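S.K.: Just passing along the structure, written as structure tokens.
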Amino acid sequence: MAASHLLICFCVTAGKNGEDLGVDEQQIVVFVSLLFDVTNCKVVAVQHQYVRPQPTELSETVLTEECKLETGLDEDVIKNSQPLEHVLDEFERFLSAKGVHPENGGKSFCLLTDGQSHLRQCLHPEASNKNVTIPSYFNKFFDLRKQFRKFYKTDNIHNIKSMIDYLGLQEDHSVEYGVRQVQEMAGIVQRLINDGHTFVDPDVINERLEPGICSKSDIVDDNSVVRARGLPWQSSDQDIARFFKGLNIAKGGVALCLSPQGRRNGEALVRFQDGEHRDLALKRHKHHIGQRYIEVYKASGKDFVDVAGGSNTEAQAFLSRGGQVIIRMRGLPFTSTSQQVLEFFAREPNPCTVLDGEEGILFVHYPDGRSTGDAFVLLASEDEACNALKKHREIMGTRYIELFKSTTAEVQQVLNRSMDPRNPEPLETQLPPLIAQIPQQATLPYIPQNLITSGTKRDCVRLRNLPSVAQVTDILNFLGEFSQFIVYQGVHMVYTAQGEPSGEAFIQMDSEEAAQLTTLNRYKKAMIFGQKKRIIDVIQCSGEDMNLVLTSGISSFPPAIQQTTIPQQPPTQLVQRQIISSAIHPAGPTMIPTSALSALTTPTLPYAHLPQPFPATFPPATVSPMPPRPAYYPPIIYWYPSPPISPQTIVSHTGPCPVVLRGLPFNTSMQDLMTFFNGFPEVTPESIQLQVLPDGRPNGEAVVTFMTRSEAERAIIQLNKNTIGNCVIDLFLV
């Protein structure tokens with residue numbers, strides 16, 4: 001049934017308006033509404049309200065010059081007005097006073113706007129960002145442009161002025177900008193009604209993302225898909241749906257992309273209801289989630305199906321059970337059963353119930369039937385999911401289990417990859433070498449081992465007699481529940497000067513007590529490798545002990561290369577054994593060698609002078625058995641953080657976090673760098689160190705110390721590959 005009243009709404013933002021309304025993410029500063037009586041074809045009342053936007057640290061002004069010029073608004077008036085939530089409360093009282101509020105038995109009404117942007121691109125996203133709840137009647141509206149084109153059979157309609165010109169109506173410039181717009185829209189509505197038009201079939205804004213299943217055989221319209229890039233790694237499908245709030249996403253239309261290692265890579269493919277919503281989504285390019293801006297690009301239907309589509313009947317049956325929430329489990333013992341999973345979730349504290357019992361659990365297997373250590377479980381409600389996620393990193397057997405929210409598309413992706421015969425080995429133990437991403441050895445900074453850890457505090461564990469093919473995952477499995485005490489990126493594999501595994505590793509623990517407990521419980525225990533067992537020595541030690549072992553008692557900062565001549569034999573070199581580590585940052589891994597290599601003819605490598613003391617944050621690396629190599633050994637780096645980090649886990653980094661800038665012009669000044677880091681108030685001249693060669697000349701590098709890792713990562717994401725002069729600057733964590 002047609003509504004008896006239309007509520008014409010119009011928004012003005014502090015930035016762009018008109019056709020570009022909402023593209024610059026500026027806040028609403030004017031909200032105007034006009035109540036129109038459809039039955040009697042007349043205006044009932046107009047309400048005009050100024051809205052005070054939330055202040056920003058970047059600008060003292062509220063309105064842009066473009067906004068002032070177009071709307072004639074007074075900035076002082078805006079600053080002294082009410083915030084959005086108070087304006088919406090006043091709007092509710094306006095409806096009640098006019099007898100049309102739905103909760104007070106009022107007459108029926110429906111919103112009407114000029115185009116889609118006022119509600120979809122402005123009000124809904126802003127209310128979501130400010131956690132302001134808006135009434136449900138804002139989820140249904142008439143688009144005046146669509147109604148006009150439909151009735152008059154014309155396509156050349158793009159704004160209010162084009163409709164007025166088409167009808168031959170007169171513009172009115174005697175009132176304020178917002179009021180003038182709604183009055184002109186009322187004139188157009190009145191003409192439409194008099195000419196016989198009936199307002200039916202309003203547009204609908206979906207309140208939430210609905211689950212759905214995509215098949216490999218589905219055909220997805222190329223004009224309905226976008227790729228979102230730069231997402232926080234812990235983002236869920238609901239977070240992405242919130243970023244696109246106001247736009248209608250298709251059921252199951254968010255597909256989080258996974259890296260070759262099976263982890264979320266900060267990208268997602270999003271399928272919208274139609275091309276109109278896709279085009280509106282593209283206008284949110286470089287809008288923000290928190291402090292991180294998100295890039296939005298066109299994508300194809302094939303891209304979406306490749307990521308979200310599945311043909312696994314077991315997964316289809318699992319997803320069709322209709323659970324409200326999907327939880328992904330990682331790190332399960334390979335022999336775990338459905339009953340053990342049910343007991344894991346049912347035990348105190350925070351017990352929860354898996355939907356449909358054992359039928360609500362889906363284990364992930366390889367083509368040969370071996371378990372991958374992953375599983376998905378269905379839960380009936382968000383409350384159950386909240387309790388379940390509190391069990392993150394609790395122990396099952398000897399393994400700690402990672403839990404995080406998942407999606408239907410992720411279930412399909414994980415199942416597709418696990419059943420691919422080209423991936424027969426576990427993702428965590430067969431990671432491809434990143435040789436293509438490793439820069440030339442001569443350009444790498446030399447980081448001495450004593451910057452990784454030092455001192456007499458016995459918070460390290462030394463492992464001896466490791467199998468030559470042991471990797472970080474094997475060490476974590478060997479330590480079992482004690483691996484939860486390992487500091488972030490605290491596993492260091494030791495290699496000989498020839499690049500071969502030494503059979504030793506050093507583990508940094510979070511306390512002396514943890515190191516002692518680990519030693520007492522794992523000393524002389526067996527590491528099972530295939531069908532063989534190897535007894536492992538576990539020794540509590542300090543950072544100084546670690547340094548002595550690596551240098552064989554020889555001072556090694558910088559590493560001394562001593563020549564000893566033996567008659568009729570070639571010279572012999574005494575060199576420090578090496579730890580190979582990799583620094584992980586959003587732009588990709590960067591290798592950091594921590595020892596000299598035996599074949600180098602010079603005793604030192606370029607050294608980055610870093611602020612002291614330097615926190616122990618170097619990640620581990622696992623290296624496959626290396627074949628014989630020439631005299632110079634470029635290390636093969638395998639990326640593997642330890643303890644393992646789930647796609648939804650962010651490990652907080654405390655303390656200063658240095659970022660290296662490489663490729664600077666040699667004449668770069670401190671002011672050039674301050675300009676380069678404009679928008680990062682924490683960067684001061686005191687936090688910048690320009691690097692120099694031994695003769696005092698600049699070497700084209702600088703180190704900037706941030707107070708937190710999150711700010712360092714934000715700088716890398718926003719500024720990496722930017723230019724100073726004609727030089728492209730590389731940024732990476734150390």
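Note on naming: chains are A, B, ... as they come in the structure tokens, residues start from 1 per chain, ligands start from 1 in the order shown.
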Give me the residues within 9 Å of segment 198-213 of chain A as a ChimeraX atom specification, counting only C-alpha atoms and dropping any in the same chain fewer than 6 places off.

M.R.: /A:1-3,110-112,119-120,136,138-143,147,192,237-238,241-242,245-254,308-310,316,319-320,322,324,407-409,412

S.K.: Tell me which protein, DNA and RNA residues are within 12 Å of segment 512-522 of chain A, counting only C-alpha atoms, leaving out same-chain ones fewer than 3 positions away, and put them as a PDB file with N, CA and C atoms, in the first residue's frame.

M.R.:
ATOM      1  N   THR A 456      72.519 -11.023  31.142  1.00  0.00           N
ATOM      2  CA  THR A 456      72.689 -12.225  31.958  1.00  0.00           C
ATOM      3  C   THR A 456      71.369 -12.834  32.404  1.00  0.00           C
ATOM      4  N   LYS A 457      70.252 -12.238  32.048  1.00  0.00           N
ATOM      5  CA  LYS A 457      68.959 -12.785  32.421  1.00  0.00           C
ATOM      6  C   LYS A 457      68.735 -14.103  31.699  1.00  0.00           C
ATOM      7  N   ARG A 458      68.466 -15.168  32.459  1.00  0.00           N
ATOM      8  CA  ARG A 458      68.369 -16.516  31.887  1.00  0.00           C
ATOM      9  C   ARG A 458      66.943 -16.784  31.396  1.00  0.00           C
ATOM     10  N   ASP A 459      66.538 -16.022  30.374  1.00  0.00           N
ATOM     11  CA  ASP A 459      65.192 -16.145  29.829  1.00  0.00           C
ATOM     12  C   ASP A 459      65.206 -16.759  28.438  1.00  0.00           C
ATOM     13  N   CYS A 460      66.287 -17.477  28.096  1.00  0.00           N
ATOM     14  CA  CYS A 460      66.395 -18.149  26.801  1.00  0.00           C
ATOM     15  C   CYS A 460      66.510 -19.656  27.011  1.00  0.00           C
ATOM     16  N   VAL A 461      66.176 -20.402  25.981  1.00  0.00           N
ATOM     17  CA  VAL A 461      66.317 -21.853  25.988  1.00  0.00           C
ATOM     18  C   VAL A 461      67.134 -22.248  24.768  1.00  0.00           C
ATOM     19  N   ARG A 462      68.133 -23.095  25.000  1.00  0.00           N
ATOM     20  CA  ARG A 462      68.976 -23.594  23.914  1.00  0.00           C
ATOM     21  C   ARG A 462      68.593 -25.045  23.627  1.00  0.00           C
ATOM     22  N   LEU A 463      68.308 -25.335  22.363  1.00  0.00           N
ATOM     23  CA  LEU A 463      68.001 -26.694  21.941  1.00  0.00           C
ATOM     24  C   LEU A 463      69.188 -27.247  21.169  1.00  0.00           C
ATOM     25  N   ARG A 464      69.613 -28.469  21.525  1.00  0.00           N
ATOM     26  CA  ARG A 464      70.719 -29.124  20.830  1.00  0.00           C
ATOM     27  C   ARG A 464      70.277 -30.494  20.317  1.00  0.00           C
ATOM     28  N   ILE A 475      59.837 -27.399  16.090  1.00  0.00           N
ATOM     29  CA  ILE A 475      60.223 -26.935  17.430  1.00  0.00           C
ATOM     30  C   ILE A 475      58.982 -26.587  18.243  1.00  0.00           C
ATOM     31  N   LEU A 476      58.017 -25.920  17.615  1.00  0.00           N
ATOM     32  CA  LEU A 476      56.795 -25.556  18.326  1.00  0.00           C
ATOM     33  C   LEU A 476      56.028 -26.803  18.766  1.00  0.00           C
ATOM     34  N   ASN A 477      55.969 -27.800  17.895  1.00  0.00           N
ATOM     35  CA  ASN A 477      55.295 -29.049  18.265  1.00  0.00           C
ATOM     36  C   ASN A 477      56.024 -29.746  19.404  1.00  0.00           C
ATOM     37  N   PHE A 478      57.363 -29.713  19.361  1.00  0.00           N
ATOM     38  CA  PHE A 478      58.150 -30.344  20.425  1.00  0.00           C
ATOM     39  C   PHE A 478      57.909 -29.661  21.771  1.00  0.00           C
ATOM     40  N   LEU A 479      57.858 -28.335  21.779  1.00  0.00           N
ATOM     41  CA  LEU A 479      57.647 -27.608  23.037  1.00  0.00           C
ATOM     42  C   LEU A 479      56.210 -27.719  23.531  1.00  0.00           C
ATOM     43  N   GLY A 480      55.268 -28.013  22.643  1.00  0.00           N
ATOM     44  CA  GLY A 480      53.881 -28.201  23.060  1.00  0.00           C
ATOM     45  C   GLY A 480      53.306 -26.976  23.718  1.00  0.00           C
ATOM     46  N   GLU A 481      52.713 -27.179  24.905  1.00  0.00           N
ATOM     47  CA  GLU A 481      52.051 -26.062  25.582  1.00  0.00           C
ATOM     48  C   GLU A 481      53.014 -24.981  26.045  1.00  0.00           C
ATOM     49  N   PHE A 482      54.327 -25.308  26.115  1.00  0.00           N
ATOM     50  CA  PHE A 482      55.297 -24.310  26.569  1.00  0.00           C
ATOM     51  C   PHE A 482      55.641 -23.308  25.464  1.00  0.00           C
ATOM     52  N   SER A 483      55.198 -23.580  24.234  1.00  0.00           N
ATOM     53  CA  SER A 483      55.445 -22.624  23.155  1.00  0.00           C
ATOM     54  C   SER A 483      54.649 -21.338  23.338  1.00  0.00           C
ATOM     55  N   GLN A 484      53.636 -21.375  24.210  1.00  0.00           N
ATOM     56  CA  GLN A 484      52.865 -20.148  24.445  1.00  0.00           C
ATOM     57  C   GLN A 484      53.682 -19.092  25.177  1.00  0.00           C
ATOM     58  N   PHE A 485      54.820 -19.490  25.764  1.00  0.00           N
ATOM     59  CA  PHE A 485      55.666 -18.542  26.492  1.00  0.00           C
ATOM     60  C   PHE A 485      56.725 -17.910  25.600  1.00  0.00           C
ATOM     61  N   ILE A 486      56.777 -18.293  24.321  1.00  0.00           N
ATOM     62  CA  ILE A 486      57.778 -17.724  23.414  1.00  0.00           C
ATOM     63  C   ILE A 486      57.398 -16.282  23.095  1.00  0.00           C
ATOM     64  N   VAL A 487      58.370 -15.381  23.130  1.00  0.00           N
ATOM     65  CA  VAL A 487      58.088 -13.988  22.793  1.00  0.00           C
ATOM     66  C   VAL A 487      57.821 -13.888  21.301  1.00  0.00           C
ATOM     67  N   PHE A 506      67.939 -21.295  19.383  1.00  0.00           N
ATOM     68  CA  PHE A 506      67.744 -20.522  20.606  1.00  0.00           C
ATOM     69  C   PHE A 506      66.311 -20.000  20.622  1.00  0.00           C
ATOM     70  N   ILE A 507      65.684 -20.127  21.772  1.00  0.00           N
ATOM     71  CA  ILE A 507      64.299 -19.696  21.941  1.00  0.00           C
ATOM     72  C   ILE A 507      64.260 -18.620  23.018  1.00  0.00           C
ATOM     73  N   GLN A 508      63.706 -17.473  22.696  1.00  0.00           N
ATOM     74  CA  GLN A 508      63.529 -16.407  23.686  1.00  0.00           C
ATOM     75  C   GLN A 508      62.169 -16.568  24.350  1.00  0.00           C
ATOM     76  N   MET A 509      62.164 -16.705  25.674  1.00  0.00           N
ATOM     77  CA  MET A 509      60.936 -16.862  26.440  1.00  0.00           C
ATOM     78  C   MET A 509      60.577 -15.534  27.099  1.00  0.00           C
ATOM     79  N   LYS A 525      63.642 -35.016  26.183  1.00  0.00           N
ATOM     80  CA  LYS A 525      62.448 -35.575  25.570  1.00  0.00           C
ATOM     81  C   LYS A 525      62.719 -35.843  24.089  1.00  0.00           C
ATOM     82  N   ALA A 526      61.909 -36.689  23.506  1.00  0.00           N
ATOM     83  CA  ALA A 526      62.141 -37.092  22.120  1.00  0.00           C
ATOM     84  C   ALA A 526      61.357 -36.215  21.162  1.00  0.00           C
ATOM     85  N   MET A 527      62.006 -35.824  20.082  1.00  0.00           N
ATOM     86  CA  MET A 527      61.326 -35.180  18.963  1.00  0.00           C
ATOM     87  C   MET A 527      61.078 -36.259  17.911  1.00  0.00           C
ATOM     88  N   ILE A 535      66.481 -37.543  20.679  1.00  0.00           N
ATOM     89  CA  ILE A 535      66.493 -36.984  22.029  1.00  0.00           C
ATOM     90  C   ILE A 535      67.087 -35.584  21.963  1.00  0.00           C
ATOM     91  N   ILE A 536      66.374 -34.616  22.491  1.00  0.00           N
ATOM     92  CA  ILE A 536      66.766 -33.210  22.388  1.00  0.00           C
ATOM     93  C   ILE A 536      67.266 -32.712  23.735  1.00  0.00           C
ATOM     94  N   ASP A 537      68.421 -32.052  23.721  1.00  0.00           N
ATOM     95  CA  ASP A 537      68.925 -31.370  24.910  1.00  0.00           C
ATOM     96  C   ASP A 537      68.257 -30.005  25.011  1.00  0.00           C
ATOM     97  N   VAL A 538      67.698 -29.709  26.166  1.00  0.00           N
ATOM     98  CA  VAL A 538      67.056 -28.416  26.410  1.00  0.00           C
ATOM     99  C   VAL A 538      67.769 -27.760  27.579  1.00  0.00           C
ATOM    100  N   ILE A 539      68.403 -26.623  27.343  1.00  0.00           N
ATOM    101  CA  ILE A 539      69.270 -25.995  28.336  1.00  0.00           C
ATOM    102  C   ILE A 539      68.823 -24.557  28.536  1.00  0.00           C
ATOM    103  N   GLN A 540      68.624 -24.170  29.782  1.00  0.00           N
ATOM    104  CA  GLN A 540      68.306 -22.774  30.096  1.00  0.00           C
ATOM    105  C   GLN A 540      69.574 -21.935  29.979  1.00  0.00           C
ATOM    106  N   CYS A 541      69.468 -20.759  29.370  1.00  0.00           N
ATOM    107  CA  CYS A 541      70.654 -19.928  29.176  1.00  0.00           C
ATOM    108  C   CYS A 541      70.261 -18.462  29.115  1.00  0.00           C
ATOM    109  N   SER A 542      71.271 -17.619  28.962  1.00  0.00           N
ATOM    110  CA  SER A 542      71.062 -16.172  28.882  1.00  0.00           C
ATOM    111  C   SER A 542      71.457 -15.678  27.499  1.00  0.00           C
ATOM    112  N   GLY A 543      71.264 -14.394  27.258  1.00  0.00           N
ATOM    113  CA  GLY A 543      71.671 -13.814  25.994  1.00  0.00           C
ATOM    114  C   GLY A 543      73.171 -13.850  25.800  1.00  0.00           C
TER     115      GLY A 543
END

S.K.: Do a neighbour search on Thr113 of chain A at 10 Å with only C-alpha atoms, toss out local chain neighbours closer than 6 positions, and write the hits as a PyMOL selection string.

M.R.: chain A and resi 6-11+33+119+141-145+182+185

S.K.: Counting only C-alpha atoms, which of A:Gln49, A:Asn350, A:Gln121, A:Asn104 gets nearest to Asp89 of chain A?

M.R.: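 Of all the options, A:Gln49 lies closest to Asp89 of chain A.
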
S.K.: Would you list the contacts of segment 288-303 of chain A as a ChimeraX atom specification, taking every protein, DNA or RNA residue within 8 Å and counting only C-alpha atoms, but skipping same-chain residues closer than 4 positions in sequence?

M.R.: /A:219-232,243,269,281-282,284,307,714

S.K.: Taking only C-alpha atoms into account, which of A:Phe345, A:Phe334, A:Phe676, A:Phe31 comes nearest Tyr366 of chain A?

M.R.: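 Closest candidate: A:Phe334.
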
S.K.: From the DSSP assignment of the backbone, select every residue of segment 187-420 of chain A that is helix (DSSP H, G or I), and format the answer as a PDB file with C-alpha atoms, in the first residue's frame.

M.R.:
ATOM      1  CA  GLY A 187       7.554  21.008  -6.263  1.00  0.00           C
ATOM      2  CA  ILE A 188       8.749  18.117  -8.440  1.00  0.00           C
ATOM      3  CA  VAL A 189       6.838  15.577  -6.291  1.00  0.00           C
ATOM      4  CA  GLN A 190       3.678  17.678  -6.531  1.00  0.00           C
ATOM      5  CA  ARG A 191       3.970  17.767 -10.316  1.00  0.00           C
ATOM      6  CA  LEU A 192       4.549  13.997 -10.482  1.00  0.00           C
ATOM      7  CA  ILE A 193       1.430  13.302  -8.401  1.00  0.00           C
ATOM      8  CA  ASN A 194      -0.692  15.714 -10.426  1.00  0.00           C
ATOM      9  CA  ASP A 222      31.489  -8.576 -13.746  1.00  0.00           C
ATOM     10  CA  ASN A 223      29.844  -5.234 -12.943  1.00  0.00           C
ATOM     11  CA  SER A 224      28.955  -6.225  -9.381  1.00  0.00           C
ATOM     12  CA  ASP A 237      33.419 -10.183   6.736  1.00  0.00           C
ATOM     13  CA  GLN A 238      31.206  -8.139   9.085  1.00  0.00           C
ATOM     14  CA  ASP A 239      33.937  -5.481   9.392  1.00  0.00           C
ATOM     15  CA  ILE A 240      34.086  -5.218   5.614  1.00  0.00           C
ATOM     16  CA  ALA A 241      30.290  -5.057   5.386  1.00  0.00           C
ATOM     17  CA  ARG A 242      30.420  -2.220   7.910  1.00  0.00           C
ATOM     18  CA  PHE A 243      32.953  -0.373   5.743  1.00  0.00           C
ATOM     19  CA  GLY A 275      26.155  -2.547 -10.733  1.00  0.00           C
ATOM     20  CA  GLU A 276      24.657   0.570  -9.154  1.00  0.00           C
ATOM     21  CA  HIS A 277      25.868  -0.469  -5.711  1.00  0.00           C
ATOM     22  CA  ARG A 278      29.247  -1.499  -7.155  1.00  0.00           C
ATOM     23  CA  ASP A 279      29.672   1.989  -8.644  1.00  0.00           C
ATOM     24  CA  LEU A 280      28.841   3.566  -5.284  1.00  0.00           C
ATOM     25  CA  ALA A 281      31.378   1.242  -3.617  1.00  0.00           C
ATOM     26  CA  LEU A 282      34.104   2.451  -5.988  1.00  0.00           C
ATOM     27  CA  GLY A 301      32.952 -12.112 -11.473  1.00  0.00           C
ATOM     28  CA  LYS A 302      35.566 -14.777 -12.207  1.00  0.00           C
ATOM     29  CA  ASP A 303      37.830 -13.285  -9.538  1.00  0.00           C
ATOM     30  CA  PHE A 304      35.055 -13.686  -6.987  1.00  0.00           C
ATOM     31  CA  VAL A 305      34.174 -17.246  -7.981  1.00  0.00           C
ATOM     32  CA  ASP A 306      37.841 -18.264  -7.937  1.00  0.00           C
ATOM     33  CA  VAL A 307      38.085 -17.158  -4.308  1.00  0.00           C
ATOM     34  CA  ALA A 308      34.609 -17.818  -2.904  1.00  0.00           C
ATOM     35  CA  THR A 313      29.997 -31.454  -1.266  1.00  0.00           C
ATOM     36  CA  GLU A 314      31.105 -31.896   2.343  1.00  0.00           C
ATOM     37  CA  ALA A 315      31.614 -28.138   2.691  1.00  0.00           C
ATOM     38  CA  GLN A 316      28.279 -27.443   0.995  1.00  0.00           C
ATOM     39  CA  ALA A 317      26.481 -29.739   3.438  1.00  0.00           C
ATOM     40  CA  PHE A 318      28.289 -28.154   6.382  1.00  0.00           C
ATOM     41  CA  LEU A 319      27.478 -24.576   5.340  1.00  0.00           C
ATOM     42  CA  SER A 338      34.943 -34.526  16.906  1.00  0.00           C
ATOM     43  CA  GLN A 339      34.319 -35.555  20.503  1.00  0.00           C
ATOM     44  CA  GLN A 340      37.503 -33.814  21.651  1.00  0.00           C
ATOM     45  CA  VAL A 341      36.429 -30.640  19.853  1.00  0.00           C
ATOM     46  CA  LEU A 342      33.003 -30.765  21.528  1.00  0.00           C
ATOM     47  CA  GLU A 343      34.660 -31.249  24.920  1.00  0.00           C
ATOM     48  CA  PHE A 344      37.038 -28.362  24.220  1.00  0.00           C
ATOM     49  CA  PHE A 345      34.147 -25.947  23.715  1.00  0.00           C
ATOM     50  CA  ALA A 346      31.973 -27.423  26.493  1.00  0.00           C
ATOM     51  CA  GLY A 357      26.985 -31.568  17.706  1.00  0.00           C
ATOM     52  CA  GLU A 358      29.461 -33.559  15.635  1.00  0.00           C
ATOM     53  CA  GLU A 359      27.606 -32.608  12.436  1.00  0.00           C
ATOM     54  CA  GLY A 360      28.535 -28.974  13.119  1.00  0.00           C
ATOM     55  CA  GLU A 382      26.804 -14.336  18.514  1.00  0.00           C
ATOM     56  CA  ASP A 383      26.657 -14.933  22.284  1.00  0.00           C
ATOM     57  CA  GLU A 384      27.895 -18.490  21.790  1.00  0.00           C
ATOM     58  CA  ALA A 385      30.614 -17.176  19.485  1.00  0.00           C
ATOM     59  CA  CYS A 386      31.711 -14.637  22.096  1.00  0.00           C
ATOM     60  CA  ASN A 387      32.195 -17.414  24.649  1.00  0.00           C
ATOM     61  CA  ALA A 388      33.969 -19.587  22.097  1.00  0.00           C
ATOM     62  CA  LEU A 389      36.486 -16.900  21.150  1.00  0.00           C
ATOM     63  CA  THR A 408      31.531 -19.223   4.157  1.00  0.00           C
ATOM     64  CA  ALA A 409      33.974 -18.068   1.486  1.00  0.00           C
ATOM     65  CA  GLU A 410      36.961 -18.859   3.710  1.00  0.00           C
ATOM     66  CA  VAL A 411      35.614 -22.352   4.356  1.00  0.00           C
ATOM     67  CA  GLN A 412      35.421 -22.881   0.596  1.00  0.00           C
ATOM     68  CA  GLN A 413      38.917 -21.499   0.031  1.00  0.00           C
ATOM     69  CA  VAL A 414      40.554 -23.609   2.716  1.00  0.00           C
ATOM     70  CA  LEU A 415      38.791 -26.771   1.501  1.00  0.00           C
ATOM     71  CA  ASN A 416      39.685 -26.023  -2.126  1.00  0.00           C
ATOM     72  CA  ARG A 417      43.357 -25.560  -1.280  1.00  0.00           C
ATOM     73  CA  SER A 418      43.651 -28.533   1.038  1.00  0.00           C
TER      74      SER A 418
END

S.K.: Could you give me, as a PDB file with N, CA and C atoms, in the first residue's frame, the residues within 12 Å of Val87 of chain A, counting only C-alpha atoms and dropping anything in the same chain fewer than 6 positions from it?

M.R.:
ATOM      1  N   ILE A  28      28.434  15.109   7.871  1.00  0.00           N
ATOM      2  CA  ILE A  28      27.208  15.881   7.632  1.00  0.00           C
ATOM      3  C   ILE A  28      27.205  17.122   8.516  1.00  0.00           C
ATOM      4  N   VAL A  29      26.865  18.275   7.927  1.00  0.00           N
ATOM      5  CA  VAL A  29      26.789  19.524   8.698  1.00  0.00           C
ATOM      6  C   VAL A  29      25.391  20.141   8.634  1.00  0.00           C
ATOM      7  N   VAL A  30      24.548  19.703   7.709  1.00  0.00           N
ATOM      8  CA  VAL A  30      23.168  20.195   7.625  1.00  0.00           C
ATOM      9  C   VAL A  30      22.267  19.006   7.314  1.00  0.00           C
ATOM     10  N   PHE A  31      21.146  18.912   8.047  1.00  0.00           N
ATOM     11  CA  PHE A  31      20.157  17.868   7.788  1.00  0.00           C
ATOM     12  C   PHE A  31      18.787  18.537   7.706  1.00  0.00           C
ATOM     13  N   VAL A  32      18.185  18.485   6.507  1.00  0.00           N
ATOM     14  CA  VAL A  32      16.909  19.164   6.265  1.00  0.00           C
ATOM     15  C   VAL A  32      15.868  18.113   5.909  1.00  0.00           C
ATOM     16  N   SER A  33      14.659  18.275   6.454  1.00  0.00           N
ATOM     17  CA  SER A  33      13.561  17.355   6.124  1.00  0.00           C
ATOM     18  C   SER A  33      12.289  18.145   5.848  1.00  0.00           C
ATOM     19  N   GLN A  47      11.768  21.042   8.508  1.00  0.00           N
ATOM     20  CA  GLN A  47      12.687  21.124   9.650  1.00  0.00           C
ATOM     21  C   GLN A  47      14.117  21.255   9.117  1.00  0.00           C
ATOM     22  N   HIS A  48      14.818  22.281   9.599  1.00  0.00           N
ATOM     23  CA  HIS A  48      16.195  22.549   9.171  1.00  0.00           C
ATOM     24  C   HIS A  48      17.090  22.491  10.404  1.00  0.00           C
ATOM     25  N   GLN A  49      18.144  21.637  10.356  1.00  0.00           N
ATOM     26  CA  GLN A  49      19.028  21.491  11.512  1.00  0.00           C
ATOM     27  C   GLN A  49      20.490  21.515  11.074  1.00  0.00           C
ATOM     28  N   TYR A  50      21.287  22.264  11.830  1.00  0.00           N
ATOM     29  CA  TYR A  50      22.733  22.227  11.645  1.00  0.00           C
ATOM     30  C   TYR A  50      23.303  21.084  12.483  1.00  0.00           C
ATOM     31  N   VAL A  51      24.387  20.489  11.995  1.00  0.00           N
ATOM     32  CA  VAL A  51      25.004  19.340  12.666  1.00  0.00           C
ATOM     33  C   VAL A  51      26.476  19.657  12.922  1.00  0.00           C
ATOM     34  N   ARG A  52      26.890  19.475  14.160  1.00  0.00           N
ATOM     35  CA  ARG A  52      28.299  19.704  14.497  1.00  0.00           C
ATOM     36  C   ARG A  52      29.101  18.424  14.252  1.00  0.00           C
ATOM     37  N   PRO A  53      30.077  18.460  13.353  1.00  0.00           N
ATOM     38  CA  PRO A  53      30.886  17.254  13.110  1.00  0.00           C
ATOM     39  C   PRO A  53      31.875  17.015  14.244  1.00  0.00           C
ATOM     40  N   SER A  81      26.539  24.060  16.867  1.00  0.00           N
ATOM     41  CA  SER A  81      25.315  23.264  16.724  1.00  0.00           C
ATOM     42  C   SER A  81      25.429  21.953  17.493  1.00  0.00           C
ATOM     43  N   ARG A  93      11.373  13.648  17.375  1.00  0.00           N
ATOM     44  CA  ARG A  93      10.333  14.469  18.021  1.00  0.00           C
ATOM     45  C   ARG A  93       9.520  15.237  16.982  1.00  0.00           C
ATOM     46  N   PHE A  94      10.175  15.648  15.905  1.00  0.00           N
ATOM     47  CA  PHE A  94       9.472  16.324  14.813  1.00  0.00           C
ATOM     48  C   PHE A  94       8.415  15.393  14.206  1.00  0.00           C
ATOM     49  N   LEU A 123      24.557   9.286   5.441  1.00  0.00           N
ATOM     50  CA  LEU A 123      23.952   9.065   6.756  1.00  0.00           C
ATOM     51  C   LEU A 123      24.297   7.692   7.330  1.00  0.00           C
ATOM     52  N   ALA A 127      26.736   7.288  10.586  1.00  0.00           N
ATOM     53  CA  ALA A 127      26.123   6.771  11.813  1.00  0.00           C
ATOM     54  C   ALA A 127      26.830   5.505  12.274  1.00  0.00           C
ATOM     55  N   VAL A 132      26.172   5.397  16.104  1.00  0.00           N
ATOM     56  CA  VAL A 132      24.858   5.995  16.331  1.00  0.00           C
ATOM     57  C   VAL A 132      23.809   5.081  15.715  1.00  0.00           C
ATOM     58  N   ILE A 134      20.386   4.334  14.080  1.00  0.00           N
ATOM     59  CA  ILE A 134      19.365   5.090  13.365  1.00  0.00           C
ATOM     60  C   ILE A 134      18.117   4.223  13.215  1.00  0.00           C
TER      61      ILE A 134
END
